[in-house]
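Chemist: One structure, pasted below without further comment.
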Amino acid sequence: MPKIIFLPHDEICPEGAVIEAEPGVTICDAALANDIEIEHACEKSCACTTCHVIVREGYDSLNEPSEDEEDLLDKAWGLEPESRLSCQAVVDNEDLVVEIPKYTINHAKEHN
C-alpha cells in the first residue's frame, strides 16, 4: 500500500505525518481518515481551493487534473507546477510527499 508523507505544517500536522492510503482514494480522503484535518470547504466537490496541496514527490503517478480543477488552481494561494486539489488527486501505487501550503483563500474556517 502506498504511503503519503505529509511535510510539517504549523497548524494541521506540526510534526508531519506518514500514512498509508488505499490506491483509488483521494489525498484529501486519506488525510481525513488519518486525523489530518485538511480544509475542504466545498465538501470535496471541486468548487474551491481550500484543499490545495503541493505534491513534492510522486506527482506523475496521480490521475490527470480536470479542466475544472486546473481553473480553480489558478486561484490558489502559492500555486506551483505540482499543485493539486487534494479532493481530486487520486492515489495510485506510488508513495507521495505532500506539502500543505501555509495559507488558503478560505475566509471562514470550520474549526477554530
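Chain labels A, B, ... are given in the sequence in which chains occur in the C-alpha cells; within each chain residues are numbered consecutively from 1, and ligands are likewise numbered from 1 in the order shown.
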Could you write out, as a list in words, all the residues of chain A that DSSP marks as strand (DSSP E or B)?

Modeler: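 Filtering chain A down to strand (DSSP E or B) leaves Lys3, Ile4, Ile5, Phe6, His9, Cys13, Ala17, Val18, Ile19, Glu20, Thr26, His52, Val53, Ile54, Val55, Arg56, Glu57, Ser83, Arg84, Leu85, Val90, Leu96, Val97, Val98 and Glu99 of chain A.
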
Chemist: Do you know which residues are at most 9 Å from region 94-96 of chain A counting only C-alpha atoms, after dropping those on the same chain fewer than 6 positions away, and could you put them as a list in words?

Modeler: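 Neighbouring residues, sequence-local ones excluded: Met1, Pro2, Lys3, Ile4, Ile5, Phe6, Glu20, Pro23, Val55, Arg56, Glu57, Gly58, Tyr59, Ser61 and Leu62 of chain A.
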
Chemist: When distances are computed from only C-alpha atoms, which of A:Val97, A:Leu32, A:Glu80, A:Ala21 shows the smallest separation from Pro8 (chain A)?

Modeler: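 Going through A:Val97, A:Leu32, A:Glu80, A:Ala21 one by one, the smallest distance to Pro8 (chain A) is for A:Val97.
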
Chemist: Please compute the CA of Asp35 (chain A)-CA of Asn63 (chain A) distance, one decimal, in Å.

Modeler: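 Between these atoms lies a distance of 23.9 Å.
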
Chemist: If DSSP is run on the backbone, what residues of chain A are alpha helix (DSSP H)? A reply as an mmCIF file with N, CA, C and O atoms, in the first residue's frame would be ideal.

Modeler:
```cif
data_model
loop_
_atom_site.group_PDB
_atom_site.id
_atom_site.type_symbol
_atom_site.label_atom_id
_atom_site.label_comp_id
_atom_site.auth_asym_id
_atom_site.auth_seq_id
_atom_site.Cartn_x
_atom_site.Cartn_y
_atom_site.Cartn_z
ATOM 1 N N ILE A 27 -6.159 12.101 -2.000
ATOM 2 C CA ILE A 27 -5.241 12.548 -0.948
ATOM 3 C C ILE A 27 -6.037 13.125 0.212
ATOM 4 O O ILE A 27 -5.742 12.857 1.381
ATOM 5 N N CYS A 28 -7.076 13.899 -0.073
ATOM 6 C CA CYS A 28 -7.900 14.519 0.967
ATOM 7 C C CYS A 28 -8.564 13.454 1.837
ATOM 8 O O CYS A 28 -8.515 13.522 3.062
ATOM 9 N N ASP A 29 -9.205 12.467 1.216
ATOM 10 C CA ASP A 29 -9.881 11.423 1.989
ATOM 11 C C ASP A 29 -8.889 10.624 2.830
ATOM 12 O O ASP A 29 -9.181 10.276 3.980
ATOM 13 N N ALA A 30 -7.722 10.341 2.281
ATOM 14 C CA ALA A 30 -6.703 9.619 3.042
ATOM 15 C C ALA A 30 -6.253 10.436 4.241
ATOM 16 O O ALA A 30 -6.104 9.909 5.352
ATOM 17 N N ALA A 31 -6.055 11.734 4.047
ATOM 18 C CA ALA A 31 -5.635 12.611 5.146
ATOM 19 C C ALA A 31 -6.703 12.644 6.240
ATOM 20 O O ALA A 31 -6.403 12.436 7.422
ATOM 21 N N LEU A 32 -7.942 12.896 5.853
ATOM 22 C CA LEU A 32 -9.027 12.994 6.830
ATOM 23 C C LEU A 32 -9.214 11.685 7.595
ATOM 24 O O LEU A 32 -9.493 11.701 8.801
ATOM 25 N N ALA A 33 -9.036 10.546 6.927
ATOM 26 C CA ALA A 33 -9.188 9.244 7.578
ATOM 27 C C ALA A 33 -8.090 8.991 8.612
ATOM 28 O O ALA A 33 -8.223 8.112 9.462
ATOM 29 N N GLU A 67 -10.147 19.925 -16.254
ATOM 30 C CA GLU A 67 -10.113 21.338 -16.621
ATOM 31 C C GLU A 67 -10.667 22.195 -15.489
ATOM 32 O O GLU A 67 -10.143 23.278 -15.199
ATOM 33 N N ASP A 68 -11.741 21.719 -14.819
ATOM 34 C CA ASP A 68 -12.302 22.452 -13.686
ATOM 35 C C ASP A 68 -11.274 22.610 -12.574
ATOM 36 O O ASP A 68 -11.140 23.687 -11.985
ATOM 37 N N GLU A 69 -10.547 21.530 -12.274
ATOM 38 C CA GLU A 69 -9.528 21.607 -11.224
ATOM 39 C C GLU A 69 -8.434 22.590 -11.618
ATOM 40 O O GLU A 69 -8.013 23.418 -10.806
ATOM 41 N N GLU A 70 -7.972 22.525 -12.855
ATOM 42 C CA GLU A 70 -6.920 23.447 -13.298
ATOM 43 C C GLU A 70 -7.380 24.900 -13.220
ATOM 44 O O GLU A 70 -6.619 25.773 -12.824
ATOM 45 N N ASP A 71 -8.645 25.154 -13.583
ATOM 46 C CA ASP A 71 -9.180 26.521 -13.491
ATOM 47 C C ASP A 71 -9.197 27.012 -12.048
ATOM 48 O O ASP A 71 -8.847 28.160 -11.759
ATOM 49 N N LEU A 72 -9.600 26.148 -11.120
ATOM 50 C CA LEU A 72 -9.620 26.533 -9.707
ATOM 51 C C LEU A 72 -8.215 26.736 -9.163
ATOM 52 O O LEU A 72 -7.967 27.664 -8.389
ATOM 53 N N LEU A 73 -7.294 25.882 -9.560
ATOM 54 C CA LEU A 73 -5.920 26.006 -9.065
ATOM 55 C C LEU A 73 -5.310 27.362 -9.413
ATOM 56 O O LEU A 73 -4.484 27.879 -8.659
#
```

Chemist: Looking at only C-alpha atoms, which of A:Ile19, A:Cys51, A:Ile100, A:Cys46 is the one that sits closest to Pro65 (chain A)?

Modeler: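 Ranked by minimum distance to Pro65 (chain A), first place goes to A:Cys46.
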
Chemist: With a distance cut-off of 12 Å and only C-alpha atoms, select the neighbouring residues of His52 (chain A), excluding the residue or stretch itself and same-chain residues fewer than 4 positions from it, and output the selection as a PyMOL selection string.

Modeler: chain A and resi 27-28+38-41+44+46-48+69-70+72-80+82-89+98-106

Chemist: Of the candidates A:Val90, A:Val18, A:Pro81, A:Ser66, which shows the shortest atom-to-atom distance to Ile36 (chain A), using only C-alpha atoms?

Modeler: A:Val18

Chemist: Please measure the separation of CA of Thr49 (chain A) and CA of Ile12 (chain A), giving the value in Å to one decimal.

Modeler: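 CA of Thr49 (chain A) sits 16.2 Å away from CA of Ile12 (chain A).
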
Chemist: Separation of CA of Cys42 (chain A) and CA of Glu22 (chain A), in Å?

Modeler: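 Taking CA of Cys42 (chain A) and CA of Glu22 (chain A), their separation equals 23.1 Å.
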
Chemist: For each of A:Ser45, A:Asn34, A:Thr50, A:Thr26, take the minimum atom-to-atom distance to Val91 (chain A), counting only C-alpha atoms, then give the residue where this is smallest.

Modeler: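 Going through A:Ser45, A:Asn34, A:Thr50, A:Thr26 one by one, the smallest distance to Val91 (chain A) is for A:Thr26.
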